[in-house]
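Peer 1: Questions regarding the structure given below will be posed in turn.
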Amino acid sequence: MEQPVRFAVMADLHMDIMHDGAQRVNAFLEAARAADVDFILSLGDFLYPVRTFQSLCPPEDLPVNLRLAMERPREPQLDVLRQFNRFEKPVYHVLGNHEMDFCTKRTVMDAYGISRSHYAWHVNGWHFIALDSSFYRDENGVLRDYDRGVYFGTKDLPYLSGDQLDWLERELASGDEPVVICSHQPLCGGKRGIKNAGTFREILRKANSRHGNVRLCLNGHLHIDDLRCVEDVLYYTVNSISNLWMGQPYSALHYSRGLHEQYPNLAFVAPYQVPLFAIITLTRGGISVTGRTGRFVPPTPQQLGWTGPSSPSIDSWNLRWSDVPSLPRNASEGRSLSALCSLRRSFTL
C-alpha cells in the first residue's frame with residue numbers, strides 16, 4: 001500500500017530582521033507536530049549564524065540592511081536554530097543567500113548541521129534533492145561561492161555550479177522514484193532566478209524523457225506565494241514566514257519606535273501578522289498544499305505605494321499530477337499562481 005509523504009516547509013525567516021522570529025518558529029514546529037509530518041524543511045535565509053560586523057561587500061555596494069546590521073551587530077540567535085534542529089522528525093536545510101552576508105558557506109553549513117550544500121534524501125518512495133543556488137560569476141567568468149557579502153558587488157547571479165549540475169544529472173539517473181528539487185532562488189529562471197536555468201531544464205528534460213519523474217521544484221527567496229508550470233514541472237515559490245521585503249523607499253513604522261530602534265530593518269519590510277508556512281502532502285496521484293491566511297501589519301504595501309506582487313498568505317490547493325500537462329504555460333516563464341487557480345482539480349488523497 002502506498003504511503004504518502006507529508007512535510008512542513010518554511011522560508012525566509014530572517015531572524016535578524018524580525019523581533020518575533022522565535023514565536024514564528026514555534027508556530028511552525030507546533031503545526032508540523034500536529035500534522036505528524038515525515039520531516040521539516042527550511043528553504044534558506046533562516047538567520048545570520050555569526051555576529052554582523054565583518055563583510056567583504058564593497059562599501060559603495062553595501063545595501064542598507066547590511067549597513068544597519070554592521071552598525072548594530074547582534075549576537076546570533078542560535079538558540080532558535082537549535083530548537084528547529086532538535087525537532088523530533090528529520091530536519092533539512094537549504095542554503096539561502098543572506099546567511100553568507102557575514103560568513104562563509106562552511107560556517108553556515110556547520111550551523112545547519114549539513115556536510116554538503118547540495119545533497120539528497122529519500123522518504124516513502126520519493127526522492128528529495130537540495131541544491132545550492134548561491135554562486136555568482138566574477139569578472140573573469142569564474143563561478144564563486146557567495147562569501148561574506150561579496151556577491152553584492154555583481155549583478156551576474158545567481159547560478160548553480162557546474163559540478164553541482166553534473167551531480168544532479170547523475171542523481172536523477174540513479175532511480176525512477178518521483179523527485180522533488182529544493183533550492184532558495186527560483187530554478188525556472190526569471191529576473192531573480194538562476195541564470196543557467198536553461199541548462200537546468202535540459203537536465204530535467206533528459207530525466208523526464210526516461211522516467212517522467214521530476215514533479216516539483218520548491219524555492220523561497222521572493223517572499224511571495226507563486227506557482228508556475230514549465231515543461232510539465234511545477235515550480236512552487238513558498239512565501240516568507242515573516243515578511244515582504246520592500247526596501248528603503250517604502251520605509252514605515254509598523255511597530256513601536258522602541259522596537260524599530262532595536263530592529264532597524266523592520267522599517268523596510270511589510271510584516272505578516274501571522275507566520276506563514278505550508279504543509280505539503282505528496283502521493284503518486286497528486287499534491288495537496290495546506291497554507292495559512294493572514295494579513296499585513298499596517299501600513300500595507302499598497303498604502304505605501306508598492307505596486308509589485310504581494311500576499312500575506314499562502315494559498316491552500318490540490319492538484320493531480322495527471323492534470324499538470326493540461327495547465328497553461330509559457331515557454332520561458334510559465335504562469336503565475338493566480339493564472340493557475342481556476343485550473344486546479346480537487347482530489348482525494
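Convention: chains lettered A, B, ... in C-alpha cells order; per-chain residue numbering from 1; ligands numbered from 1 as shown.
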Dump as a tab-separated table the rows for residues of region 80-173 of chain A within 10 Å of region 15-32 of chain A: closest atom pair and distance in Å with one decimal, only C-alpha atoms counted, ordered by chain and rising residue number.
Peer 2:
residue	atom	partner	partner_atom	distance
A:Val80	CA	A:Ala22	CA	6.0
A:Leu81	CA	A:Val25	CA	8.9
A:Gln83	CA	A:Val25	CA	8.7
A:Phe84	CA	A:Val25	CA	7.3
A:Phe87	CA	A:Leu29	CA	7.5
A:Glu88	CA	A:Leu29	CA	9.8
A:Lys89	CA	A:Ala32	CA	9.5
Peer 1: Report as a ChimeraX atom specification all protein, DNA and RNA residues lying within 8 Å of Val37 (chain A), evaluated on only C-alpha atoms, omitting residues in the same chain fewer than 3 positions from it.
Peer 2: /A:5-8,32-33,40,89
Peer 1: Can you write just those residues out, C-alpha atoms, as a PDB file, in the first residue's frame?
Peer 2:
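For reference, out.pdb as written:
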ATOM      1  CA  VAL A   5       4.816  11.881   2.181  1.00  0.00           C
ATOM      2  CA  ARG A   6       3.842  14.822   4.367  1.00  0.00           C
ATOM      3  CA  PHE A   7       6.254  17.593   5.294  1.00  0.00           C
ATOM      4  CA  ALA A   8       6.225  21.125   6.679  1.00  0.00           C
ATOM      5  CA  ALA A  32       4.379  20.337  11.908  1.00  0.00           C
ATOM      6  CA  ARG A  33       3.881  18.289  15.066  1.00  0.00           C
ATOM      7  CA  ILE A  40      10.551  19.606   8.202  1.00  0.00           C
ATOM      8  CA  LYS A  89      11.496  14.205  12.958  1.00  0.00           C
TER       9      LYS A  89
END
Peer 1: Counting only C-alpha atoms, what is within 9 Å of Asp61 (chain A), bar same-chain residues fewer than 3 positions away, as a PyMOL selection string?
Peer 2: chain A and resi 57-58+152-154
Peer 1: Go ahead and write the selection's residues with all heavy atoms as a PDB file, in the first residue's frame.
Peer 2:
ATOM      1  N   CYS A  57      31.684  42.985   1.265  1.00  0.00           N
ATOM      2  CA  CYS A  57      30.967  43.776   0.274  1.00  0.00           C
ATOM      3  C   CYS A  57      31.630  45.137   0.106  1.00  0.00           C
ATOM      4  O   CYS A  57      31.906  45.822   1.102  1.00  0.00           O
ATOM      5  CB  CYS A  57      29.516  43.957   0.714  1.00  0.00           C
ATOM      6  SG  CYS A  57      28.518  44.934  -0.435  1.00  0.00           S
ATOM      7  N   PRO A  58      31.921  45.566  -1.134  1.00  0.00           N
ATOM      8  CA  PRO A  58      32.499  46.901  -1.337  1.00  0.00           C
ATOM      9  C   PRO A  58      31.594  47.970  -0.724  1.00  0.00           C
ATOM     10  O   PRO A  58      30.369  47.890  -0.856  1.00  0.00           O
ATOM     11  CB  PRO A  58      32.564  47.032  -2.862  1.00  0.00           C
ATOM     12  CG  PRO A  58      32.539  45.626  -3.373  1.00  0.00           C
ATOM     13  CD  PRO A  58      31.722  44.844  -2.403  1.00  0.00           C
ATOM     14  N   PHE A 152      27.229  41.110  -3.386  1.00  0.00           N
ATOM     15  CA  PHE A 152      26.504  42.354  -3.668  1.00  0.00           C
ATOM     16  C   PHE A 152      27.248  43.239  -4.673  1.00  0.00           C
ATOM     17  O   PHE A 152      26.669  44.193  -5.192  1.00  0.00           O
ATOM     18  CB  PHE A 152      26.264  43.135  -2.378  1.00  0.00           C
ATOM     19  CG  PHE A 152      25.160  42.565  -1.527  1.00  0.00           C
ATOM     20  CD1 PHE A 152      25.459  41.847  -0.376  1.00  0.00           C
ATOM     21  CD2 PHE A 152      23.831  42.733  -1.881  1.00  0.00           C
ATOM     22  CE1 PHE A 152      24.443  41.313   0.409  1.00  0.00           C
ATOM     23  CE2 PHE A 152      22.816  42.202  -1.105  1.00  0.00           C
ATOM     24  CZ  PHE A 152      23.118  41.490   0.043  1.00  0.00           C
ATOM     25  N   GLY A 153      28.495  42.917  -4.953  1.00  0.00           N
ATOM     26  CA  GLY A 153      29.283  43.707  -5.897  1.00  0.00           C
ATOM     27  C   GLY A 153      29.081  43.322  -7.346  1.00  0.00           C
ATOM     28  O   GLY A 153      29.754  43.869  -8.223  1.00  0.00           O
ATOM     29  N   THR A 154      28.151  42.397  -7.644  1.00  0.00           N
ATOM     30  CA  THR A 154      27.918  41.982  -9.028  1.00  0.00           C
ATOM     31  C   THR A 154      26.433  41.774  -9.268  1.00  0.00           C
ATOM     32  O   THR A 154      25.666  41.518  -8.333  1.00  0.00           O
ATOM     33  CB  THR A 154      28.669  40.674  -9.342  1.00  0.00           C
ATOM     34  OG1 THR A 154      28.395  40.282 -10.706  1.00  0.00           O
ATOM     35  CG2 THR A 154      28.228  39.545  -8.431  1.00  0.00           C
TER      36      THR A 154
END
Peer 1: Tell me, in Å to one decimal, how far CA of Gln302 (chain A) is from CA of Gln248 (chain A).
Peer 2: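 Answer for the CA of Gln302 (chain A) to CA of Gln248 (chain A) separation: 15.2 Å.
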Peer 1: With a distance cut-off of 10 Å and only C-alpha atoms, select the neighbouring residues of region 97-105 of chain A, excluding the residue or stretch itself and same-chain residues fewer than 4 positions from it, and output the selection as a count of residues only.
Peer 2: 40
Peer 1: Neighbouring residues of His122 (chain A) were defined as those with any atom within 10 Å, considering only C-alpha atoms; residues of the same chain fewer than 6 positions away were excluded. Please report them as a ChimeraX atom specification.
Peer 2: /A:128-129,177,179
Peer 1: Which residues come within 6 Å of region 213-220 of chain A, counting only C-alpha atoms, excluding same-chain residues fewer than 5 positions away, as JSON, numbers by chain?
Peer 2: {"A": [11, 43, 178, 179, 180, 181, 182, 183, 184, 185, 186, 208, 233, 234, 235, 236, 237, 238]}
Peer 1: Calculated over only C-alpha atoms, which of the candidates A:Gly190, A:Tyr250, A:His211, A:Leu276 has the smallest distance to Gly305 (chain A)?
Peer 2: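 Counting only C-alpha atoms, the residue closest to Gly305 (chain A) is A:Tyr250.
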Peer 1: Would you please work out which residue, of A:Leu68, A:Leu327, A:Leu227, A:Ala278, is nearest to Leu266 (chain A) when using only C-alpha atoms?
Peer 2: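 When distances to Leu266 (chain A) are compared using only C-alpha atoms, the smallest one comes from A:Leu68.
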Peer 1: Could you find all residues in region 140-199 of chain A that DSSP calls helix (DSSP H, G or I) from the backbone, and write them as number ranges by chain?
Peer 2: A: 150-153, 162-172, 197-199
Peer 1: Go ahead and write the residues just picked, N, CA and C atoms, as a tab-separated table (two decimals), in the first residue's frame.
Peer 2:
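File written: part_30.tsv
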chain	number	residue	atom	x	y	z
A	150	VAL	N	30.26	39.51	-0.46
A	150	VAL	CA	30.96	39.99	-1.65
A	150	VAL	C	30.06	39.94	-2.89
A	151	TYR	N	29.03	39.10	-2.87
A	151	TYR	CA	28.18	38.94	-4.04
A	151	TYR	C	27.36	40.20	-4.35
A	152	PHE	N	27.23	41.11	-3.39
A	152	PHE	CA	26.50	42.35	-3.67
A	152	PHE	C	27.25	43.24	-4.67
A	153	GLY	N	28.50	42.92	-4.95
A	153	GLY	CA	29.28	43.71	-5.90
A	153	GLY	C	29.08	43.32	-7.35
A	162	GLY	N	28.78	24.23	-11.90
A	162	GLY	CA	28.90	23.17	-12.89
A	162	GLY	C	29.01	21.78	-12.28
A	163	ASP	N	29.81	21.65	-11.21
A	163	ASP	CA	29.94	20.33	-10.58
A	163	ASP	C	28.62	19.89	-9.96
A	164	GLN	N	27.84	20.84	-9.50
A	164	GLN	CA	26.54	20.53	-8.92
A	164	GLN	C	25.56	20.05	-9.99
A	165	LEU	N	25.59	20.68	-11.16
A	165	LEU	CA	24.74	20.24	-12.26
A	165	LEU	C	25.11	18.84	-12.73
A	166	ASP	N	26.41	18.55	-12.77
A	166	ASP	CA	26.86	17.19	-13.13
A	166	ASP	C	26.34	16.18	-12.10
A	167	TRP	N	26.45	16.55	-10.83
A	167	TRP	CA	25.96	15.68	-9.74
A	167	TRP	C	24.45	15.48	-9.87
A	168	LEU	N	23.72	16.56	-10.16
A	168	LEU	CA	22.26	16.46	-10.29
A	168	LEU	C	21.88	15.50	-11.41
A	169	GLU	N	22.60	15.58	-12.54
A	169	GLU	CA	22.29	14.68	-13.65
A	169	GLU	C	22.48	13.22	-13.24
A	170	ARG	N	23.56	12.95	-12.52
A	170	ARG	CA	23.79	11.58	-12.04
A	170	ARG	C	22.73	11.17	-11.02
A	171	GLU	N	22.38	12.08	-10.14
A	171	GLU	CA	21.40	11.78	-9.10
A	171	GLU	C	20.04	11.45	-9.71
A	172	LEU	N	19.64	12.19	-10.72
A	172	LEU	CA	18.35	11.94	-11.36
A	172	LEU	C	18.35	10.63	-12.15
A	197	ALA	N	19.24	28.62	-15.91
A	197	ALA	CA	18.01	27.84	-15.87
A	197	ALA	C	17.86	26.96	-17.12
A	198	GLY	N	18.35	27.42	-18.26
A	198	GLY	CA	18.25	26.63	-19.48
A	198	GLY	C	18.99	25.31	-19.36
A	199	THR	N	20.20	25.36	-18.79
A	199	THR	CA	20.97	24.13	-18.58
A	199	THR	C	20.27	23.22	-17.58
